[in-house]
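*Asks:* Handing you a structure now.
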2 protein chains.
Amino acid sequence: MKTKDRILQAALRQFNELGTDQATVRSIAEEVGISHGNLCYHYKNTDELIEALYLQLVAEISPFAESAFRPDIDLQEVWEQSWLTFQLMYRYRFLLLDFARIIRRIDSMRQNFRQLMVLRRQQFHHGLQQLIQRGWMEPEPLPGQYDHLVTQFLIVGNHWITESTIQFEQEGEEVVRYYHRAMMALLFPYLSEKGKQMHRELAPDGKSGL
Amino acid sequence: MKTKDRILQAALRQFNELGTDQATVRSIAEEVGISHGNLCYHYKNTDELIEALYLQLVAEISPFAESAFRPDIDLQEVWEQSWLTFQLMYRYRFLLLDFARIIRRIDSMRQNFRQLMVLRRQQFHHGLQQLIQRGWMEPEPLPGQYDHLVTQFLIVGNHWITESTIQFEQEGEEVVRYYHRAMMALLFPYLSEKGKQMHRELAPDGKSGL
DNA sequence: ATTATTTTAGAACAATTGTGCTAATTATTT
DNA sequence: AAATAATTAGCACAATTGTTCTAAAATAAT
């Protein structure tokens, strides 16, 4: 593997493990087995590492998000795509853990992300419209309600990882599943009968707790 | 005002303004007009300042949260109490901005907060029960659904400030109102007819956007 | 083969920050 | 008034970290 990739890999591991504060150019270089001067030749500082990993995540996630534009969207697919997205986000969890601070510091990331979020809102709204048209969801019960729903989706989607770390010691797939279900539950009250039935199949009960 | 209080006041201002990274014992001491050695006599380091402000916030918020235990709870009051809570949180927004990192660092805060969250969950559930009994809400439509609802409340409640900073440049009361409405909208689909009517009064439309 | 380019190691620098220390000053108590 | 305690200023130390620089080594190009 190329040195640049080995660096990114080690950086991701240390960021997730230690946080962006504790992981330094020196500690990462040590893990890769190169001098920190060398690492700085490839990535000038930790911010450049963070940005590179951010772009990597965005690139990996986009296909899932764009599936919301597909015209033949279906509730089960929404469930599965969002599940894959959650798993992906978890692999880059350091990013979502102190996203606010990173965004504040790195201008290019802030601009990129804000633009991305405008797109995401559109995608969510479009996805909802599709689900309504295909009889999975009921139309908006109150003007503005689906706009709130999108906001709720964004908050839960962007912050479930942070929430998990401030709530629990636990890590791993159980946590991911717990919060994925909590997010999908946002949809439930707006589903049609057909939608509710599908929802029950996708989320068989069993204690929802952790 | 006592020196300790003047320090806390300046610390809160700088934390909110600059973030917990940029605000240092030196910069805060300078604002208060004392030497940094003197500041360290009162609070050994910034972490102690953070913790003091955290305890201050918790103390101020608790009365609102405990109102959920009152037996004669009413939807309008829930709305108003949570609104006051949102405003209060906004005054301490630095805390919620990088809570995860703080929690990770300061053991006593982590333990205190986790315990608090167990209590909050109970309070939320109890509040929901009250609202059902008094005819504001419908009973749980699916086992576990209200548990998800509580989780959603906690995520939105804990992270709306962070979300606002990564989404918008804007600050101020409009932002607080926007997210407060988004959180209260979590409740809407579960309200009874009587509840929905009250909800419409409390949240008169007009564009919900920012 | 030799020239040029890329990559690497290691040292050195500068800036920041928390922390501790001492002595002086102020306030409180006896 | 004297003594004790609390508060304050300012210096200095140590550790960390990003950043830069130089020269050597490896790789690619001609």
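Note on naming: chains are A, B, ... as they come in the structure tokens, residues start from 1 per chain, ligands start from 1 in the order shown.
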Based on DSSP run over this structure's backbone, return all residues of range 82-190 of chain B in helix (DSSP H, G or I), as a PyMOL selection string.
*Replies:* chain B and resi 82-91+93-97+99-105+107-133+145-167+173-184+188-190
*Asks:* What residues in chain A lie within 12 Å of chain C, counting only C-alpha atoms (C1' of nucleotides), written as JSON, numbers by chain?
*Replies:* {"A": [2, 3, 4, 29, 33, 34, 35, 36, 37, 38, 39, 40, 41, 42]}
*Asks:* Could you please take those selected residues and save all heavy atoms as a tab-separated table (two decimals), in the first residue's frame?
*Replies:*
```tsv
chain	number	residue	atom	x	y	z
A	2	LYS	N	0.41	2.24	-0.71
A	2	LYS	CA	1.14	3.51	-0.76
A	2	LYS	C	1.24	4.13	0.64
A	2	LYS	O	0.37	3.95	1.48
A	2	LYS	CB	0.37	4.49	-1.67
A	2	LYS	CG	0.55	4.18	-3.16
A	2	LYS	CD	1.65	5.05	-3.77
A	2	LYS	CE	1.77	4.82	-5.27
A	2	LYS	NZ	2.75	3.76	-5.60
A	3	THR	N	2.33	4.89	0.80
A	3	THR	CA	2.55	5.54	2.10
A	3	THR	C	1.38	6.44	2.49
A	3	THR	O	0.91	6.41	3.63
A	3	THR	CB	3.83	6.39	2.05
A	3	THR	OG1	4.92	5.55	1.63
A	3	THR	CG2	4.15	6.94	3.43
A	4	LYS	N	0.90	7.20	1.54
A	4	LYS	CA	-0.22	8.11	1.83
A	4	LYS	C	-1.43	7.36	2.38
A	4	LYS	O	-2.11	7.85	3.29
A	4	LYS	CB	-0.63	8.88	0.55
A	4	LYS	CG	0.34	9.99	0.18
A	4	LYS	CD	-0.23	10.93	-0.88
A	4	LYS	CE	-0.94	12.09	-0.25
A	4	LYS	NZ	-0.95	13.33	-1.07
A	29	ALA	N	2.75	9.16	12.79
A	29	ALA	CA	3.97	8.78	12.06
A	29	ALA	C	4.61	7.55	12.71
A	29	ALA	O	5.05	6.62	12.03
A	29	ALA	CB	4.95	9.94	12.04
A	33	GLY	N	5.36	4.00	11.15
A	33	GLY	CA	6.75	3.58	11.09
A	33	GLY	C	7.60	4.50	10.24
A	33	GLY	O	8.57	4.08	9.61
A	34	ILE	N	7.21	5.76	10.18
A	34	ILE	CA	7.98	6.76	9.44
A	34	ILE	C	8.26	7.95	10.37
A	34	ILE	O	7.69	8.03	11.45
A	34	ILE	CB	7.23	7.25	8.18
A	34	ILE	CG1	5.91	7.93	8.60
A	34	ILE	CG2	6.99	6.11	7.23
A	34	ILE	CD1	5.15	8.52	7.44
A	35	SER	N	9.13	8.84	9.92
A	35	SER	CA	9.40	10.02	10.73
A	35	SER	C	8.25	11.01	10.59
A	35	SER	O	7.53	11.00	9.58
A	35	SER	CB	10.69	10.68	10.25
A	35	SER	OG	10.49	11.25	8.97
A	36	HIS	N	8.09	11.84	11.61
A	36	HIS	CA	6.97	12.79	11.53
A	36	HIS	C	7.26	13.87	10.50
A	36	HIS	O	6.34	14.45	9.93
A	36	HIS	CB	6.67	13.39	12.90
A	36	HIS	CG	7.61	14.47	13.33
A	36	HIS	ND1	8.81	14.21	13.93
A	36	HIS	CD2	7.54	15.82	13.22
A	36	HIS	CE1	9.43	15.34	14.18
A	36	HIS	NE2	8.69	16.33	13.77
A	37	GLY	N	8.53	14.11	10.24
A	37	GLY	CA	8.88	15.04	9.18
A	37	GLY	C	8.40	14.52	7.84
A	37	GLY	O	7.89	15.27	7.01
A	38	ASN	N	8.54	13.24	7.68
A	38	ASN	CA	8.06	12.61	6.45
A	38	ASN	C	6.56	12.70	6.32
A	38	ASN	O	6.02	13.04	5.26
A	38	ASN	CB	8.49	11.14	6.46
A	38	ASN	CG	8.16	10.43	5.15
A	38	ASN	OD1	7.77	11.08	4.18
A	38	ASN	ND2	8.32	9.13	5.14
A	39	LEU	N	5.87	12.43	7.41
A	39	LEU	CA	4.41	12.54	7.36
A	39	LEU	C	3.99	13.94	6.94
A	39	LEU	O	3.08	14.12	6.12
A	39	LEU	CB	3.82	12.20	8.73
A	39	LEU	CG	2.30	11.95	8.76
A	39	LEU	CD1	1.94	11.07	9.92
A	39	LEU	CD2	1.52	13.24	8.83
A	40	CYS	N	4.68	14.95	7.47
A	40	CYS	CA	4.33	16.33	7.15
A	40	CYS	C	4.64	16.65	5.69
A	40	CYS	O	4.14	17.63	5.14
A	40	CYS	CB	5.05	17.30	8.07
A	40	CYS	SG	4.41	17.27	9.75
A	41	TYR	N	5.47	15.85	5.09
A	41	TYR	CA	5.72	16.02	3.66
A	41	TYR	C	4.46	15.65	2.86
A	41	TYR	O	4.10	16.29	1.89
A	41	TYR	CB	6.90	15.15	3.24
A	41	TYR	CG	7.11	15.05	1.75
A	41	TYR	CD1	7.68	16.09	1.04
A	41	TYR	CD2	6.72	13.90	1.06
A	41	TYR	CE1	7.87	15.99	-0.33
A	41	TYR	CE2	6.90	13.81	-0.31
A	41	TYR	CZ	7.47	14.85	-1.00
A	41	TYR	OH	7.67	14.75	-2.35
A	42	HIS	N	3.77	14.61	3.32
A	42	HIS	CA	2.54	14.17	2.63
A	42	HIS	C	1.32	14.98	3.07
A	42	HIS	O	0.53	15.42	2.24
A	42	HIS	CB	2.30	12.69	2.91
A	42	HIS	CG	3.32	11.80	2.28
A	42	HIS	ND1	3.34	11.52	0.94
A	42	HIS	CD2	4.37	11.13	2.81
A	42	HIS	CE1	4.35	10.72	0.65
A	42	HIS	NE2	4.99	10.46	1.77
```
*Asks:* Counting only C-alpha atoms (C1' of nucleotides), which residues of chain D sit at most 10 Å from some atom of chain A, and what is each one's closest atom pair with its distance in Å to one decimal, listed by chain and rising residue number, as CSV?
*Replies:*
```
residue,atom,partner,partner_atom,distance
D:DT17,C1',A:Thr24,CA,8.0
D:DG18,C1',A:Asn45,CA,7.3
D:DT19,C1',A:Lys44,CA,8.7
D:DT20,C1',A:Gly37,CA,9.5
```
*Asks:* Taking only C-alpha atoms into account, report as a ChimeraX atom specification which residues of chain B lie within 8 Å of chain A.
*Replies:* /B:97-101,103-104,110,114,117,143-145,147-149,151-152,155-156,158-160,162-163,165-168,181-183,185-186,189-190,205,207-208
*Asks:* When you draw a straight line from CA of Glu174 in chain B to CA of Leu88 in chain B, how long is it in Å?
*Replies:*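 According to the coordinates, CA of Glu174 in chain B and CA of Leu88 in chain B are separated by 14.3 Å.
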*Asks:* Please compute the CA of Gly127 in chain A-CA of Phe69 in chain A distance, one decimal, in Å.
*Replies:* 6.5 Å
*Asks:* Could you check how far CA of Gln14 in chain A sits from CA of Leu53 in chain A, in Å to one decimal?
*Replies:* 12.3 Å
